[in-house]
file model-v8.cif (mmCIF, C-alpha atoms)
data_work
loop_
_atom_site.label_atom_id
_atom_site.label_comp_id
_atom_site.auth_asym_id
_atom_site.auth_seq_id
_atom_site.Cartn_x
_atom_site.Cartn_y
_atom_site.Cartn_z
CA MET A 483 -2.80 63.74 -36.40
CA LYS A 484 -4.64 63.00 -39.64
CA LYS A 485 -4.51 65.72 -42.30
CA ALA A 486 -7.91 67.33 -42.79
CA ASN A 487 -9.48 66.91 -46.20
CA ALA A 488 -10.82 69.88 -48.19
CA ARG A 489 -14.40 69.32 -47.06
CA ASP A 490 -13.35 69.27 -43.41
CA LYS A 491 -11.28 72.44 -43.86
CA ILE A 492 -14.22 74.24 -45.44
CA LEU A 493 -16.62 73.11 -42.70
CA GLU A 494 -14.15 74.01 -39.95
CA THR A 495 -13.61 77.48 -41.43
CA ALA A 496 -17.35 78.02 -41.96
CA SER A 497 -18.12 76.98 -38.39
CA ARG A 498 -15.48 79.35 -37.00
CA ARG A 499 -16.63 82.27 -39.18
CA PHE A 500 -20.31 81.72 -38.34
CA GLN A 501 -19.41 81.67 -34.65
CA LEU A 502 -17.28 84.82 -34.85
CA GLN A 503 -19.29 86.87 -37.37
CA GLY A 504 -22.72 85.29 -37.62
CA TYR A 505 -24.47 83.82 -40.64
CA HIS A 506 -25.30 87.05 -42.53
CA ALA A 507 -21.85 88.60 -42.07
CA THR A 508 -19.99 85.53 -43.35
CA GLY A 509 -19.41 85.26 -47.09
CA LEU A 510 -18.76 82.16 -49.13
CA ASN A 511 -15.68 83.72 -50.76
CA GLN A 512 -14.28 84.45 -47.30
CA ILE A 513 -14.75 80.81 -46.27
CA ILE A 514 -13.13 79.53 -49.46
CA LYS A 515 -10.17 81.90 -49.16
CA GLU A 516 -9.58 81.22 -45.48
CA SER A 517 -9.88 77.44 -45.86
CA GLY A 518 -7.27 77.38 -48.61
CA SER A 519 -9.68 75.79 -51.06
CA PRO A 520 -9.33 76.37 -54.81
CA LYS A 521 -10.51 79.88 -55.59
CA GLY A 522 -12.18 79.36 -58.91
CA LYS A 523 -13.21 76.90 -61.56
CA GLU A 524 -9.84 77.02 -63.31
CA GLU A 525 -7.88 76.41 -60.12
CA LEU A 526 -10.25 73.60 -59.17
CA ALA A 527 -9.81 72.00 -62.62
CA ILE A 528 -6.02 72.28 -62.32
CA HIS A 529 -6.12 70.53 -58.94
CA ALA A 530 -8.46 67.87 -60.37
CA VAL A 531 -6.05 67.15 -63.23
CA GLN A 532 -3.11 66.99 -60.83
CA TYR A 533 -5.06 64.61 -58.60
CA THR A 534 -6.01 62.43 -61.57
CA ASN A 535 -2.42 62.49 -62.83
CA LYS A 536 -1.14 61.12 -59.52
CA TYR A 537 -3.94 58.55 -59.33
CA VAL A 538 -3.24 57.30 -62.87
CA GLN A 539 0.51 57.18 -62.24
CA VAL A 540 -0.08 54.86 -59.30
CA GLN A 541 -2.34 52.65 -61.44
CA ILE A 542 0.20 52.54 -64.28
CA LYS A 543 3.11 51.74 -61.92
CA GLU A 544 1.18 48.95 -60.22
CA SER A 545 0.26 47.43 -63.59
CA LEU A 546 3.72 47.78 -65.09
CA ASN A 547 5.20 45.97 -62.10
CA LYS A 548 3.02 42.90 -62.79
CA SER A 549 5.20 41.71 -65.67
CA SER A 550 8.76 42.11 -66.90
CA ASP A 551 7.42 42.07 -70.47
CA ALA A 552 6.43 45.59 -71.55
CA ALA A 553 3.55 44.48 -73.80
CA GLN A 554 2.01 42.27 -71.12
CA ALA A 555 2.42 44.96 -68.46
CA ILE A 556 0.77 47.61 -70.64
CA GLN A 557 -2.01 45.17 -71.50
CA TYR A 558 -2.58 44.62 -67.81
CA PHE A 559 -2.94 48.38 -67.25
CA ILE A 560 -5.46 48.72 -70.07
CA GLU A 561 -7.39 45.70 -68.81
CA GLU A 562 -7.67 47.26 -65.35
CA LEU A 563 -8.64 50.62 -66.86
CA SER A 564 -11.31 49.05 -69.05
CA LYS A 565 -13.00 47.48 -66.02
CA GLN A 566 -14.03 50.98 -64.93
CA PHE A 567 -16.20 51.32 -68.03
CA GLU A 568 -18.27 48.25 -67.27
CA HIS A 569 -20.26 50.29 -64.73
CA GLU A 570 -20.63 54.07 -65.00
CA GLU A 571 -20.36 54.62 -61.26
CA SER A 572 -16.93 52.96 -61.11
CA ILE A 573 -15.16 55.45 -63.42
CA ALA A 574 -12.40 56.99 -61.31
CA GLY A 575 -10.68 60.30 -61.89
CA MET A 576 -11.48 62.62 -64.74
CA PRO A 577 -10.73 62.04 -68.42
CA VAL A 578 -7.82 64.43 -68.89
CA GLY A 579 -8.13 64.14 -72.68
CA LEU A 580 -11.66 65.54 -72.56
CA LEU A 581 -10.57 68.56 -70.55
CA ALA A 582 -7.52 69.07 -72.76
CA GLY A 583 -9.60 68.96 -75.92
CA GLU A 584 -12.12 71.39 -74.52
CA THR A 585 -9.68 73.95 -73.11
CA ALA A 586 -6.28 73.66 -74.85
CA LEU A 587 -6.84 76.53 -77.28
CA ILE A 588 -8.39 78.90 -74.76
CA ASN A 589 -6.74 78.22 -71.38
CA GLU A 590 -2.97 77.95 -71.19
CA PRO A 591 -2.70 76.86 -67.51
CA LEU A 592 -5.14 73.98 -68.10
CA ARG A 593 -3.38 73.00 -71.33
CA GLU A 594 -0.06 72.91 -69.48
CA VAL A 595 -1.32 70.75 -66.61
CA CYS A 596 -2.97 68.30 -69.04
CA TYR A 597 0.21 68.12 -71.12
CA ALA A 598 2.25 67.48 -67.96
CA ALA A 599 -0.06 64.58 -67.05
CA PHE A 600 0.32 63.05 -70.52
CA GLN A 601 4.11 63.39 -70.28
CA ASP A 602 4.18 61.76 -66.84
CA TRP A 603 2.18 58.75 -68.05
CA GLU A 604 4.23 58.43 -71.23
CA LYS A 605 7.44 58.52 -69.18
CA LEU A 606 6.28 55.46 -67.23
CA PHE A 607 5.47 53.54 -70.43
CA ARG A 608 8.77 54.63 -72.02
CA GLU A 609 10.81 53.53 -68.99
CA LYS A 610 9.10 50.12 -68.98
CA MET A 611 9.88 49.59 -72.66
CA ILE A 612 13.52 50.64 -72.19
CA GLU A 613 13.72 48.21 -69.26
CA SER A 614 12.38 45.53 -71.63
CA GLY A 615 15.13 46.18 -74.19
CA PHE A 616 13.67 48.83 -76.51
CA GLN A 617 15.86 51.63 -77.81
CA GLU A 618 15.15 54.98 -76.15
CA LYS A 619 13.84 56.67 -79.33
CA GLN A 620 11.49 53.82 -80.21
CA ALA A 621 10.30 53.53 -76.59
CA GLY A 622 9.53 57.25 -76.50
CA GLU A 623 7.58 57.16 -79.74
CA LEU A 624 5.64 54.06 -78.71
CA ALA A 625 4.83 55.63 -75.34
CA VAL A 626 3.17 58.60 -77.08
CA VAL A 627 1.26 56.30 -79.44
CA ILE A 628 0.09 54.07 -76.58
CA ASN A 629 -1.03 57.02 -74.49
CA CYS A 630 -2.90 58.51 -77.45
CA MET A 631 -4.58 55.16 -78.11
CA ILE A 632 -5.62 54.89 -74.47
CA GLU A 633 -6.97 58.46 -74.38
CA GLY A 634 -8.91 57.80 -77.59
CA GLY A 635 -10.14 54.52 -76.16
CA ILE A 636 -11.38 56.32 -73.06
CA LEU A 637 -13.35 58.77 -75.21
CA ARG A 638 -14.86 55.94 -77.26
CA SER A 639 -15.64 53.90 -74.15
CA LEU A 640 -17.41 56.88 -72.59
CA THR A 641 -19.33 57.55 -75.80
CA GLU A 642 -20.33 53.92 -76.34
CA LYS A 643 -20.88 53.22 -72.63
CA THR A 644 -18.82 50.06 -72.96
CA SER A 645 -15.26 48.93 -72.34
CA ALA A 646 -15.01 47.35 -75.82
CA PRO A 647 -12.78 50.06 -77.39
CA LEU A 648 -10.23 49.76 -74.59
CA GLN A 649 -10.36 45.97 -74.81
CA GLN A 650 -9.62 46.19 -78.54
CA ILE A 651 -6.63 48.42 -77.83
CA GLN A 652 -5.45 45.97 -75.18
CA GLN A 653 -5.57 43.11 -77.70
CA GLN A 654 -3.48 45.06 -80.22
CA ILE A 655 -0.67 46.07 -77.84
CA PRO A 656 1.48 42.97 -78.61
CA VAL A 657 1.29 43.85 -82.32
CA LEU A 658 2.51 47.36 -81.60
CA VAL A 659 4.97 46.71 -78.77
CA ARG A 660 7.46 44.29 -80.24
CA LYS A 661 11.17 44.60 -80.84
#

call {"tool": "encode", "arguments": {"input": "model-v8.cif", "output": "structure tokens"}}
result
Amino acid sequence: MKKANARDKILETASRRFQLQGYHATGLNQIIKESGSPKGKEELAIHAVQYTNKYVQVQIKESLNKSSDAAQAIQYFIEELSKQFEHEESIAGMPVGLLAGETALINEPLREVCYAAFQDWEKLFREKMIESGFQEKQAGELAVVINCMIEGGILRSLTEKTSAPLQQIQQQIPVLVRK
């Protein structure tokens, strides 16, 4: 049987509660609690970051598998990412860097989940560079730099409503990622 999505769980729970208790006796908090949905804005944001983290990891892995050359593989990922910024409605996931910048000093659980996402993405870049012959220390440092460039490029692309900043980063990757 197919696993119910969050919307279906909420609707199923609401239907059951309305049937058992009636409309006026059923509270929204009761429906949310019983359906297992996130209980508040913070929990929802944490789940959104975790979802985006997994989504981005899949995108990175697919791109990195397109070439044995680390620079080309990373360029491919950035090229695919930049395509999202050609049309506003095609932007997938949430910009983790935006949430991190907004909440890091005031919300420790959100800071931690954003940091974990950054580390996961950097690990994939680092492993690809090690596989391509880079020393572990250099690969680790480059992975942080590349991720920071991409996150900055996302912010600029959102602000400018164009993919140009990410395309410029993509063009500079071979200059940065060389042995």

call {"tool": "resolve_selection", "arguments": {"input": "model-v8.cif", "expression": "the PyMOL selection byres ((chain A and resi 548-564) around 7)", "output": "ChimeraX atom specification"}}
result
/A:542,544-547,565-567,610-611,614,645,648-649,652,655-656,659

call {"tool": "resolve_selection", "arguments": {"input": "model-v8.cif", "expression": "the PyMOL selection byres ((chain A and resi 622-639) around 9)", "output": "PyMOL selection string"}}
result
chain A and resi 556+560+563-564+567+577-580+600-601+603-609+611-612+617-621+640-652+655+658-659

call {"tool": "resolve_selection", "arguments": {"input": "model-v8.cif", "expression": "the PyMOL selection byres ((chain A and resi 513-522) around 7)", "output": "PyMOL selection string"}}
result
chain A and resi 488+491-492+495-496+509-512+523-526

call {"tool": "write_last_selection", "arguments": {"input": "model-v8.cif", "atoms": "C-alpha atoms", "output": "short mmCIF file (atom, residue, chain, number, x, y, z; two decimals), keeping the file's coordinate frame"}}
result
data_model
loop_
_atom_site.label_atom_id
_atom_site.label_comp_id
_atom_site.auth_asym_id
_atom_site.auth_seq_id
_atom_site.Cartn_x
_atom_site.Cartn_y
_atom_site.Cartn_z
CA ALA A 488 -10.82 69.88 -48.19
CA LYS A 491 -11.28 72.44 -43.86
CA ILE A 492 -14.22 74.24 -45.44
CA THR A 495 -13.61 77.48 -41.43
CA ALA A 496 -17.35 78.02 -41.96
CA GLY A 509 -19.41 85.26 -47.09
CA LEU A 510 -18.76 82.16 -49.13
CA ASN A 511 -15.68 83.72 -50.76
CA GLN A 512 -14.28 84.45 -47.30
CA LYS A 523 -13.21 76.90 -61.56
CA GLU A 524 -9.84 77.02 -63.31
CA GLU A 525 -7.88 76.41 -60.12
CA LEU A 526 -10.25 73.60 -59.17
#

call {"tool": "residues_around", "arguments": {"input": "model-v8.cif", "residues": "Ala527 of chain A", "least_positions_apart": "4", "cutoff": "10 Å", "atoms": "all atoms listed in the file", "output": "list in words"}}
result
Pro520, Gly522, Lys523, Val531, Gln532, Tyr533, Met576, Leu581, Pro591, Leu592 and Val595 of chain A

call {"tool": "write_last_selection", "arguments": {"input": "model-v8.cif", "atoms": "C-alpha atoms", "output": "mmCIF file, in the frame of the given file"}}
result
data_model
loop_
_atom_site.group_PDB
_atom_site.id
_atom_site.type_symbol
_atom_site.label_atom_id
_atom_site.label_comp_id
_atom_site.auth_asym_id
_atom_site.auth_seq_id
_atom_site.Cartn_x
_atom_site.Cartn_y
_atom_site.Cartn_z
ATOM 1 C CA PRO A 520 -9.330 76.370 -54.810
ATOM 2 C CA GLY A 522 -12.180 79.360 -58.910
ATOM 3 C CA LYS A 523 -13.210 76.900 -61.560
ATOM 4 C CA VAL A 531 -6.050 67.150 -63.230
ATOM 5 C CA GLN A 532 -3.110 66.990 -60.830
ATOM 6 C CA TYR A 533 -5.060 64.610 -58.600
ATOM 7 C CA MET A 576 -11.480 62.620 -64.740
ATOM 8 C CA LEU A 581 -10.570 68.560 -70.550
ATOM 9 C CA PRO A 591 -2.700 76.860 -67.510
ATOM 10 C CA LEU A 592 -5.140 73.980 -68.100
ATOM 11 C CA VAL A 595 -1.320 70.750 -66.610
#

call {"tool": "atom_distance", "arguments": {"input": "model-v8.cif", "atom1": "atom CA of Val540 of chain A", "atom2": "atom CA of Ala599 of chain A"}}
result
12.4 Å

call {"tool": "residues_around", "arguments": {"input": "model-v8.cif", "residues": "Arg593 of chain A", "least_positions_apart": "6", "cutoff": "7 Å", "atoms": "only C-alpha atoms", "output": "list in words"}}
result
Ala582, Thr585 and Ala586 of chain A

call {"tool": "atom_distance", "arguments": {"input": "model-v8.cif", "atom1": "atom CA of Gln654 of chain A", "atom2": "atom CA of Gly615 of chain A"}}
result
19.6 Å

call {"tool": "atom_distance", "arguments": {"input": "model-v8.cif", "atom1": "atom CA of Phe616 of chain A", "atom2": "atom CA of Gln653 of chain A"}}
result
20.1 Å
